[in-house]
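K.L.:
File follows, model_10.cif with mmCIF, N, CA and C atoms and all ligand atoms:
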```
data_coords
#
loop_
_atom_site.label_atom_id
_atom_site.label_comp_id
_atom_site.auth_asym_id
_atom_site.auth_seq_id
_atom_site.Cartn_x
_atom_site.Cartn_y
_atom_site.Cartn_z
N MET A 169 115.35 240.55 126.16
CA MET A 169 114.98 241.48 127.23
C MET A 169 115.31 240.83 128.58
N SER A 170 115.79 241.60 129.51
CA SER A 170 116.21 240.98 130.78
C SER A 170 115.16 241.18 131.86
N ILE A 171 115.27 240.36 132.88
CA ILE A 171 114.29 240.38 133.96
C ILE A 171 114.29 241.71 134.70
N SER A 172 115.46 242.39 134.70
CA SER A 172 115.54 243.62 135.46
C SER A 172 115.18 244.85 134.62
N SER A 173 114.69 244.63 133.40
CA SER A 173 114.35 245.78 132.58
C SER A 173 113.18 246.56 133.17
N SER A 174 112.41 245.93 134.06
CA SER A 174 111.32 246.63 134.73
C SER A 174 111.86 247.49 135.88
N GLY A 175 113.15 247.37 136.16
CA GLY A 175 113.73 248.14 137.25
C GLY A 175 113.81 247.36 138.55
N ARG A 176 113.31 246.14 138.55
CA ARG A 176 113.34 245.32 139.76
C ARG A 176 113.98 243.98 139.46
N THR A 177 114.77 243.50 140.38
CA THR A 177 115.35 242.17 140.21
C THR A 177 114.47 241.15 140.92
N TYR A 178 114.13 240.12 140.20
CA TYR A 178 113.28 239.08 140.76
C TYR A 178 114.09 238.23 141.73
N ARG A 179 113.52 237.94 142.90
CA ARG A 179 114.20 237.14 143.92
C ARG A 179 113.44 235.84 144.10
N VAL A 180 114.12 234.75 143.79
CA VAL A 180 113.42 233.48 143.78
C VAL A 180 114.25 232.40 144.47
N ALA A 181 113.57 231.52 145.21
CA ALA A 181 114.24 230.36 145.80
C ALA A 181 113.98 229.16 144.91
N LEU A 182 115.04 228.43 144.57
CA LEU A 182 114.94 227.21 143.76
C LEU A 182 115.49 226.05 144.60
N VAL A 183 114.63 225.08 144.84
CA VAL A 183 114.99 223.94 145.70
C VAL A 183 114.47 222.67 145.04
N ALA A 184 115.24 221.59 145.12
CA ALA A 184 114.76 220.31 144.58
C ALA A 184 115.25 219.16 145.44
N HIS A 185 114.36 218.23 145.68
CA HIS A 185 114.78 216.98 146.33
C HIS A 185 115.56 216.14 145.32
N ASP A 186 116.29 215.15 145.84
CA ASP A 186 117.24 214.42 145.00
C ASP A 186 116.61 213.87 143.72
N ALA A 187 115.44 213.24 143.84
CA ALA A 187 114.81 212.63 142.67
C ALA A 187 114.35 213.66 141.65
N GLN A 188 114.32 214.93 142.04
CA GLN A 188 113.83 215.99 141.16
C GLN A 188 114.94 216.95 140.71
N LYS A 189 116.17 216.69 141.13
CA LYS A 189 117.23 217.67 140.85
C LYS A 189 117.50 217.80 139.36
N GLN A 190 117.55 216.67 138.66
CA GLN A 190 117.82 216.74 137.22
C GLN A 190 116.72 217.53 136.52
N ARG A 191 115.47 217.28 136.94
CA ARG A 191 114.34 218.00 136.34
C ARG A 191 114.47 219.50 136.60
N MET A 192 114.91 219.86 137.82
CA MET A 192 115.08 221.28 138.15
C MET A 192 116.14 221.91 137.25
N VAL A 193 117.27 221.23 137.06
CA VAL A 193 118.33 221.78 136.19
C VAL A 193 117.78 221.99 134.78
N GLU A 194 117.06 220.99 134.27
CA GLU A 194 116.49 221.12 132.92
C GLU A 194 115.48 222.27 132.86
N TRP A 195 114.64 222.33 133.88
CA TRP A 195 113.57 223.33 133.89
C TRP A 195 114.15 224.75 133.92
N VAL A 196 115.19 224.94 134.73
CA VAL A 196 115.84 226.27 134.75
C VAL A 196 116.41 226.58 133.37
N GLY A 197 117.01 225.58 132.73
CA GLY A 197 117.55 225.77 131.38
C GLY A 197 116.46 226.16 130.39
N GLU A 198 115.28 225.62 130.58
CA GLU A 198 114.16 225.94 129.67
C GLU A 198 113.63 227.36 129.91
N ASN A 199 114.00 227.94 131.04
CA ASN A 199 113.45 229.26 131.40
C ASN A 199 114.54 230.28 131.67
N ARG A 200 115.64 230.16 130.94
CA ARG A 200 116.78 231.03 131.18
C ARG A 200 116.44 232.51 131.03
N ASP A 201 115.48 232.85 130.17
CA ASP A 201 115.13 234.27 129.98
C ASP A 201 114.66 234.88 131.30
N VAL A 202 114.00 234.08 132.12
CA VAL A 202 113.49 234.57 133.39
C VAL A 202 114.59 234.59 134.46
N PHE A 203 115.49 233.61 134.40
CA PHE A 203 116.44 233.47 135.50
C PHE A 203 117.78 234.16 135.26
N ASP A 204 118.05 234.59 134.04
CA ASP A 204 119.36 235.18 133.74
C ASP A 204 119.73 236.34 134.67
N ASP A 205 118.77 237.20 134.98
CA ASP A 205 119.07 238.35 135.83
C ASP A 205 118.41 238.26 137.20
N ALA A 206 117.83 237.11 137.50
CA ALA A 206 117.16 236.95 138.80
C ALA A 206 118.19 236.73 139.90
N LYS A 207 117.80 237.06 141.13
CA LYS A 207 118.62 236.73 142.30
C LYS A 207 118.07 235.42 142.85
N ILE A 208 118.89 234.38 142.80
CA ILE A 208 118.43 233.03 143.12
C ILE A 208 119.04 232.57 144.44
N PHE A 209 118.20 232.05 145.31
CA PHE A 209 118.66 231.41 146.54
C PHE A 209 118.31 229.93 146.43
N SER A 210 119.25 229.07 146.82
CA SER A 210 119.00 227.63 146.71
C SER A 210 119.55 226.92 147.94
N THR A 211 118.96 225.76 148.24
CA THR A 211 119.61 224.89 149.22
C THR A 211 120.91 224.39 148.60
N GLY A 212 121.82 223.89 149.46
CA GLY A 212 123.21 223.67 149.05
C GLY A 212 123.42 222.82 147.82
N THR A 213 122.86 221.63 147.81
CA THR A 213 123.15 220.73 146.69
C THR A 213 122.47 221.19 145.42
N THR A 214 121.24 221.65 145.55
CA THR A 214 120.53 222.18 144.38
C THR A 214 121.29 223.35 143.79
N GLY A 215 121.72 224.26 144.64
CA GLY A 215 122.44 225.45 144.17
C GLY A 215 123.75 225.08 143.49
N GLY A 216 124.46 224.09 144.07
CA GLY A 216 125.72 223.65 143.47
C GLY A 216 125.50 223.10 142.07
N LEU A 217 124.44 222.31 141.92
CA LEU A 217 124.16 221.73 140.59
C LEU A 217 123.79 222.82 139.59
N LEU A 218 123.01 223.80 140.05
CA LEU A 218 122.62 224.88 139.13
C LEU A 218 123.85 225.67 138.68
N LEU A 219 124.75 225.94 139.63
CA LEU A 219 125.95 226.70 139.27
C LEU A 219 126.87 225.91 138.35
N LYS A 220 126.90 224.59 138.54
CA LYS A 220 127.73 223.75 137.67
C LYS A 220 127.20 223.79 136.23
N SER A 221 125.87 223.76 136.11
CA SER A 221 125.28 223.77 134.77
C SER A 221 125.24 225.18 134.16
N TYR A 222 125.03 226.18 135.03
CA TYR A 222 124.86 227.56 134.54
C TYR A 222 125.71 228.51 135.40
N PRO A 223 127.04 228.51 135.20
CA PRO A 223 127.93 229.28 136.08
C PRO A 223 127.65 230.78 136.11
N ASP A 224 126.96 231.29 135.09
CA ASP A 224 126.72 232.73 135.05
C ASP A 224 125.46 233.15 135.82
N LEU A 225 124.67 232.20 136.29
CA LEU A 225 123.49 232.58 137.08
C LEU A 225 123.91 233.12 138.43
N LYS A 226 123.08 234.03 138.98
CA LYS A 226 123.39 234.62 140.29
C LYS A 226 122.73 233.76 141.38
N VAL A 227 123.40 232.66 141.73
CA VAL A 227 122.85 231.72 142.71
C VAL A 227 123.59 231.86 144.03
N THR A 228 122.85 232.03 145.11
CA THR A 228 123.43 231.99 146.45
C THR A 228 123.07 230.64 147.06
N PRO A 229 124.05 229.71 147.16
CA PRO A 229 123.74 228.43 147.78
C PRO A 229 123.77 228.57 149.31
N LEU A 230 122.74 228.06 149.95
CA LEU A 230 122.66 228.10 151.42
C LEU A 230 123.08 226.72 151.95
N LYS A 231 122.73 226.39 153.17
CA LYS A 231 123.02 225.05 153.70
C LYS A 231 122.23 224.01 152.91
N SER A 232 122.70 222.78 152.93
CA SER A 232 121.91 221.71 152.34
C SER A 232 120.58 221.59 153.10
N GLY A 233 119.56 221.14 152.39
CA GLY A 233 118.22 221.06 153.00
C GLY A 233 118.21 220.35 154.36
N PRO A 234 118.71 219.12 154.42
CA PRO A 234 118.65 218.40 155.71
C PRO A 234 119.48 219.05 156.81
N LEU A 235 120.37 219.97 156.45
CA LEU A 235 121.23 220.63 157.45
C LEU A 235 120.74 222.04 157.78
N GLY A 236 119.53 222.37 157.36
CA GLY A 236 118.97 223.67 157.72
C GLY A 236 118.67 224.60 156.56
N GLY A 237 118.97 224.17 155.35
CA GLY A 237 118.76 225.04 154.19
C GLY A 237 117.30 225.43 153.99
N ASP A 238 116.40 224.48 154.24
CA ASP A 238 114.97 224.81 154.10
C ASP A 238 114.60 225.92 155.09
N GLN A 239 115.16 225.83 156.29
CA GLN A 239 114.83 226.83 157.31
C GLN A 239 115.43 228.19 156.95
N GLN A 240 116.62 228.17 156.33
CA GLN A 240 117.18 229.45 155.88
C GLN A 240 116.27 230.10 154.84
N ILE A 241 115.73 229.28 153.94
CA ILE A 241 114.83 229.85 152.93
C ILE A 241 113.54 230.32 153.60
N GLY A 242 113.09 229.57 154.61
CA GLY A 242 111.92 230.02 155.37
C GLY A 242 112.16 231.38 156.01
N ALA A 243 113.37 231.58 156.51
CA ALA A 243 113.69 232.88 157.13
C ALA A 243 113.63 234.00 156.09
N LEU A 244 114.09 233.71 154.86
CA LEU A 244 114.00 234.74 153.80
C LEU A 244 112.54 235.08 153.51
N ILE A 245 111.67 234.07 153.58
CA ILE A 245 110.24 234.34 153.36
C ILE A 245 109.71 235.25 154.46
N CYS A 246 110.05 234.92 155.72
CA CYS A 246 109.58 235.75 156.85
C CYS A 246 110.06 237.19 156.73
N GLU A 247 111.27 237.34 156.20
CA GLU A 247 111.84 238.69 156.07
C GLU A 247 111.38 239.37 154.78
N GLU A 248 110.48 238.70 154.06
CA GLU A 248 109.91 239.22 152.81
C GLU A 248 111.00 239.58 151.80
N LYS A 249 111.96 238.66 151.68
CA LYS A 249 113.07 238.86 150.75
C LYS A 249 112.97 237.95 149.53
N LEU A 250 111.81 237.33 149.33
CA LEU A 250 111.61 236.47 148.16
C LEU A 250 110.34 236.87 147.43
N ASP A 251 110.36 236.68 146.10
CA ASP A 251 109.17 236.91 145.29
C ASP A 251 108.48 235.61 144.90
N ALA A 252 109.21 234.49 145.01
CA ALA A 252 108.60 233.20 144.68
C ALA A 252 109.45 232.07 145.24
N LEU A 253 108.79 230.94 145.47
CA LEU A 253 109.47 229.71 145.88
C LEU A 253 109.12 228.63 144.88
N ILE A 254 110.14 228.08 144.24
CA ILE A 254 109.95 226.93 143.34
C ILE A 254 110.64 225.74 144.01
N PHE A 255 109.88 224.77 144.42
CA PHE A 255 110.38 223.68 145.24
C PHE A 255 109.88 222.36 144.64
N PHE A 256 110.76 221.71 143.86
CA PHE A 256 110.37 220.43 143.27
C PHE A 256 110.55 219.34 144.32
N THR A 257 109.46 218.96 144.93
CA THR A 257 109.50 217.98 146.03
C THR A 257 109.43 216.56 145.48
N ASP A 258 109.84 215.63 146.31
CA ASP A 258 109.73 214.20 145.99
C ASP A 258 108.63 213.63 146.88
N PRO A 259 107.45 213.39 146.33
CA PRO A 259 106.33 212.93 147.16
C PRO A 259 106.38 211.43 147.43
N LEU A 260 107.38 210.73 146.91
CA LEU A 260 107.40 209.27 146.99
C LEU A 260 108.47 208.72 147.92
N SER A 261 109.27 209.60 148.54
CA SER A 261 110.34 209.12 149.41
C SER A 261 110.23 209.74 150.80
N PRO A 262 110.50 208.94 151.84
CA PRO A 262 110.55 209.53 153.18
C PRO A 262 111.81 210.39 153.33
N LEU A 263 111.70 211.49 154.07
CA LEU A 263 112.84 212.39 154.23
C LEU A 263 113.11 212.62 155.70
N PRO A 264 114.40 212.63 156.10
CA PRO A 264 114.71 212.84 157.51
C PRO A 264 114.29 214.23 157.99
N HIS A 265 114.22 215.18 157.07
CA HIS A 265 113.90 216.55 157.47
C HIS A 265 112.50 216.95 156.98
N ASP A 266 111.60 216.00 157.03
CA ASP A 266 110.24 216.26 156.55
C ASP A 266 109.59 217.46 157.27
N VAL A 267 109.89 217.59 158.56
CA VAL A 267 109.29 218.72 159.30
C VAL A 267 109.77 220.07 158.74
N ASP A 268 111.03 220.10 158.28
CA ASP A 268 111.55 221.35 157.72
C ASP A 268 110.85 221.68 156.40
N VAL A 269 110.62 220.61 155.61
CA VAL A 269 109.93 220.80 154.33
C VAL A 269 108.53 221.34 154.58
N LYS A 270 107.85 220.75 155.55
CA LYS A 270 106.49 221.20 155.87
C LYS A 270 106.50 222.65 156.36
N ALA A 271 107.48 222.96 157.21
CA ALA A 271 107.58 224.34 157.73
C ALA A 271 107.80 225.33 156.59
N LEU A 272 108.63 224.95 155.63
CA LEU A 272 108.92 225.86 154.51
C LEU A 272 107.66 226.10 153.67
N THR A 273 106.99 225.03 153.30
CA THR A 273 105.79 225.21 152.45
C THR A 273 104.70 225.93 153.24
N ARG A 274 104.64 225.70 154.54
CA ARG A 274 103.65 226.40 155.36
C ARG A 274 103.92 227.92 155.37
N LEU A 275 105.19 228.30 155.53
CA LEU A 275 105.51 229.73 155.56
C LEU A 275 105.18 230.40 154.23
N ALA A 276 105.38 229.66 153.13
CA ALA A 276 105.03 230.23 151.83
C ALA A 276 103.54 230.56 151.79
N THR A 277 102.74 229.70 152.42
CA THR A 277 101.29 229.97 152.47
C THR A 277 100.98 231.11 153.43
N VAL A 278 101.63 231.09 154.60
CA VAL A 278 101.39 232.16 155.59
C VAL A 278 101.62 233.53 154.98
N TYR A 279 102.70 233.65 154.18
CA TYR A 279 103.06 234.95 153.60
C TYR A 279 102.49 235.15 152.20
N ASP A 280 101.62 234.21 151.80
CA ASP A 280 100.99 234.30 150.46
C ASP A 280 102.03 234.51 149.37
N LEU A 281 103.12 233.76 149.48
CA LEU A 281 104.19 233.84 148.48
C LEU A 281 103.84 232.91 147.33
N PRO A 282 103.92 233.38 146.08
CA PRO A 282 103.71 232.46 144.96
C PRO A 282 104.69 231.28 145.10
N SER A 283 104.15 230.07 145.11
CA SER A 283 105.02 228.90 145.30
C SER A 283 104.51 227.73 144.47
N ALA A 284 105.46 226.89 144.08
CA ALA A 284 105.12 225.73 143.25
C ALA A 284 105.95 224.55 143.71
N CYS A 285 105.32 223.40 143.74
CA CYS A 285 106.03 222.17 144.13
C CYS A 285 106.17 221.19 142.97
N SER A 286 105.82 221.62 141.77
CA SER A 286 105.95 220.73 140.61
C SER A 286 106.18 221.59 139.37
N PRO A 287 106.74 221.00 138.31
CA PRO A 287 107.07 221.79 137.12
C PRO A 287 105.87 222.49 136.48
N SER A 288 104.71 221.82 136.43
CA SER A 288 103.59 222.46 135.72
C SER A 288 103.13 223.73 136.45
N THR A 289 103.11 223.69 137.77
CA THR A 289 102.72 224.88 138.53
C THR A 289 103.82 225.94 138.44
N ALA A 290 105.07 225.48 138.46
CA ALA A 290 106.18 226.41 138.31
C ALA A 290 106.11 227.14 136.97
N ASN A 291 105.64 226.43 135.94
CA ASN A 291 105.49 227.08 134.63
C ASN A 291 104.52 228.25 134.71
N LEU A 292 103.46 228.10 135.49
CA LEU A 292 102.49 229.19 135.63
C LEU A 292 103.14 230.39 136.33
N ILE A 293 104.00 230.10 137.31
CA ILE A 293 104.67 231.21 138.02
C ILE A 293 105.63 231.95 137.09
N VAL A 294 106.43 231.21 136.30
CA VAL A 294 107.36 231.94 135.42
C VAL A 294 106.59 232.70 134.33
N HIS A 295 105.43 232.18 133.98
CA HIS A 295 104.57 232.92 133.05
C HIS A 295 104.23 234.30 133.64
N GLY A 296 103.84 234.29 134.90
CA GLY A 296 103.54 235.53 135.61
C GLY A 296 104.76 236.41 135.76
N MET A 297 105.93 235.79 136.01
CA MET A 297 107.16 236.55 136.13
C MET A 297 107.45 237.29 134.83
N ARG A 298 107.24 236.60 133.71
CA ARG A 298 107.49 237.24 132.40
C ARG A 298 106.57 238.46 132.24
N ASP A 299 105.31 238.27 132.59
CA ASP A 299 104.33 239.37 132.44
C ASP A 299 104.71 240.55 133.33
N THR A 300 105.19 240.25 134.54
CA THR A 300 105.44 241.31 135.52
C THR A 300 106.80 241.96 135.35
N PHE A 301 107.80 241.15 134.99
CA PHE A 301 109.17 241.65 135.07
C PHE A 301 109.87 241.80 133.72
N LEU A 302 109.38 241.17 132.66
CA LEU A 302 110.12 241.24 131.39
C LEU A 302 109.59 242.35 130.50
O1 LIG A 401 116.44 218.67 150.88
C1 LIG A 401 116.21 219.64 150.24
C2 LIG A 401 115.00 220.43 150.45
O2 LIG A 401 114.18 219.91 151.47
C3 LIG A 401 117.14 220.10 149.21
O3 LIG A 401 118.40 220.26 149.75
P1 LIG A 401 119.67 220.13 148.83
O4 LIG A 401 119.49 221.06 147.68
O5 LIG A 401 120.83 220.50 149.67
O6 LIG A 401 119.71 218.67 148.39
#
```
Transcribe the structure of this file into structure tokens.
P.N.:
Amino acid sequence: MSISSSGRTYRVALVAHDAQKQRMVEWVGENRDVFDDAKIFSTGTTGGLLLKSYPDLKVTPLKSGPLGGDQQIGALICEEKLDALIFFTDPLSPLPHDVDVKALTRLATVYDLPSACSPSTANLIVHGMRDTFL
């Protein structure tokens, strides 16, 4: 059964910091039933890796995170063009664009967008996606 069988296409942002990128690729692979027909927005490097592993996914890669990609995803949240944000963050490394990361997660809260910063919480969101959209 496809995600759009409910008549709606799920719109999700998938973002991962470097130390979490491999986990993100694996996690998407584990949840292909949810993502096969979803409209996916990603920061540049994350999106490139997802497309390399799964060329048939509908991924729109934006700018790389440190070059404004987080802010582009934040803009999509403000415009209410996303249904969820899955952002595998790296809590153990300093980042040059930490303020952008904070702004992005803050906007997800401002707009009460379902969001997850780790795989276990992301699993709960895809569980909900299956219930709502499959
Ligand atoms: O830095 C990021 C999010 O803050 C991710 O960006 P990339 O996917 O371009 O590495």
K.L.:
Kindly assemble as a Markdown table a list of the chain A residues that lie within 6 Å of ligand LIG 401 (chain A), each paired with its nearest atom pair and their distance in Å to one decimal, using only N, CA and C atoms and all ligand atoms, sorted first by chain and then by ascending residue number.
P.N.:
```
| residue | atom | partner | partner_atom | distance |
| --- | --- | --- | --- | --- |
| A:Val183 | C | A:LIG401 | C3 | 5.6 |
| A:Ala184 | C | A:LIG401 | C3 | 4.3 |
| A:His185 | CA | A:LIG401 | C3 | 4.9 |
| A:Asp186 | N | A:LIG401 | O6 | 5.5 |
| A:Ser210 | C | A:LIG401 | O4 | 5.9 |
| A:Thr211 | C | A:LIG401 | O4 | 3.7 |
| A:Gly212 | N | A:LIG401 | O5 | 3.5 |
| A:Thr213 | N | A:LIG401 | O5 | 3.0 |
| A:Thr214 | N | A:LIG401 | O4 | 2.8 |
| A:Gly215 | N | A:LIG401 | O4 | 4.9 |
| A:Lys231 | C | A:LIG401 | O5 | 5.0 |
| A:Ser232 | CA | A:LIG401 | O5 | 3.1 |
| A:Gly233 | N | A:LIG401 | O3 | 3.0 |
| A:Pro234 | N | A:LIG401 | O1 | 4.2 |
| A:Asp238 | CA | A:LIG401 | O2 | 5.6 |
| A:Val269 | CA | A:LIG401 | O2 | 5.2 |
```
K.L.:
Which is closer to A:Val202 than all the others in A:Val278, A:Leu263, A:Phe256, A:Tyr178, using all atoms listed in the file?
P.N.:
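Comparing A:Val278, A:Leu263, A:Phe256, A:Tyr178 against A:Val202, the winner is A:Tyr178.
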K.L.:
Name the closest residue to A:Ile245 among the candidates A:Leu217, A:Ala276, A:Ala271, A:Leu225; distances are taken between atoms, counting only N, CA and C atoms.
P.N.:
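Selected residue with least distance to A:Ile245: A:Ala276.
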K.L.:
So how many Å separate atom C of A:Asp204 and atom CA of A:Leu219, to one decimal?
P.N.:
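Result for atom C of A:Asp204 versus atom CA of A:Leu219: 12.4 Å, one decimal.
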K.L.:
Using DSSP assignments from the backbone, pull out every residue in stretch 210-268 of chain A that falls under helix (DSSP H, G or I) and give it to me as a ChimeraX atom specification.
P.N.:
/A:212-221,233-235,237-246,266-268
K.L.:
If you run DSSP on the backbone, which residues of stretch 188-273 of chain A are strand (DSSP E), as a PyMOL selection string?
P.N.:
chain A and resi 207-210+226-229+252-256
K.L.:
Have a look at A:Leu244, A:Ile293, A:Val180, A:Leu218 and name the one nearest to A:Val196; count only C-alpha atoms.
P.N.:
A:Leu218
K.L.:
Please tell me which residues are no farther than 7 Å from (108.2, 242.5, 136.4) in the file, counting all atoms listed in the file, and write them as an mmCIF file with N, CA and C atoms, in the frame of the given file.
P.N.:
```cif
data_model
loop_
_atom_site.group_PDB
_atom_site.id
_atom_site.type_symbol
_atom_site.label_atom_id
_atom_site.label_comp_id
_atom_site.auth_asym_id
_atom_site.auth_seq_id
_atom_site.Cartn_x
_atom_site.Cartn_y
_atom_site.Cartn_z
ATOM 1 N N ILE A 171 115.270 240.360 132.880
ATOM 2 C CA ILE A 171 114.290 240.380 133.960
ATOM 3 C C ILE A 171 114.290 241.710 134.700
ATOM 4 N N SER A 174 112.410 245.930 134.060
ATOM 5 C CA SER A 174 111.320 246.630 134.730
ATOM 6 C C SER A 174 111.860 247.490 135.880
ATOM 7 N N GLY A 175 113.150 247.370 136.160
ATOM 8 C CA GLY A 175 113.730 248.140 137.250
ATOM 9 C C GLY A 175 113.810 247.360 138.550
ATOM 10 N N ARG A 176 113.310 246.140 138.550
ATOM 11 C CA ARG A 176 113.340 245.320 139.760
ATOM 12 C C ARG A 176 113.980 243.980 139.460
ATOM 13 N N MET A 297 105.930 235.790 136.010
ATOM 14 C CA MET A 297 107.160 236.550 136.130
ATOM 15 C C MET A 297 107.450 237.290 134.830
ATOM 16 N N ARG A 298 107.240 236.600 133.710
ATOM 17 C CA ARG A 298 107.490 237.240 132.400
ATOM 18 C C ARG A 298 106.570 238.460 132.240
ATOM 19 N N ASP A 299 105.310 238.270 132.590
ATOM 20 C CA ASP A 299 104.330 239.370 132.440
ATOM 21 C C ASP A 299 104.710 240.550 133.330
ATOM 22 N N THR A 300 105.190 240.250 134.540
ATOM 23 C CA THR A 300 105.440 241.310 135.520
ATOM 24 C C THR A 300 106.800 241.960 135.350
ATOM 25 N N PHE A 301 107.800 241.150 134.990
ATOM 26 C CA PHE A 301 109.170 241.650 135.070
ATOM 27 C C PHE A 301 109.870 241.800 133.720
ATOM 28 N N LEU A 302 109.380 241.170 132.660
ATOM 29 C CA LEU A 302 110.120 241.240 131.390
ATOM 30 C C LEU A 302 109.590 242.350 130.500
#
```
K.L.:
Of the residues A:Gly237, A:Pro229, A:Pro223, A:Gly216, which is the one nearest to A:Asp268, using only N, CA and C atoms?
P.N.:
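Of A:Gly237, A:Pro229, A:Pro223, A:Gly216, the one nearest A:Asp268, counting only N, CA and C atoms, is A:Gly237.
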K.L.:
Mind giving me the straight-line distance from atom N of A:Arg274 to atom C of A:Gly242 in Å, one decimal?
P.N.:
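Between these atoms lies a distance of 9.5 Å.
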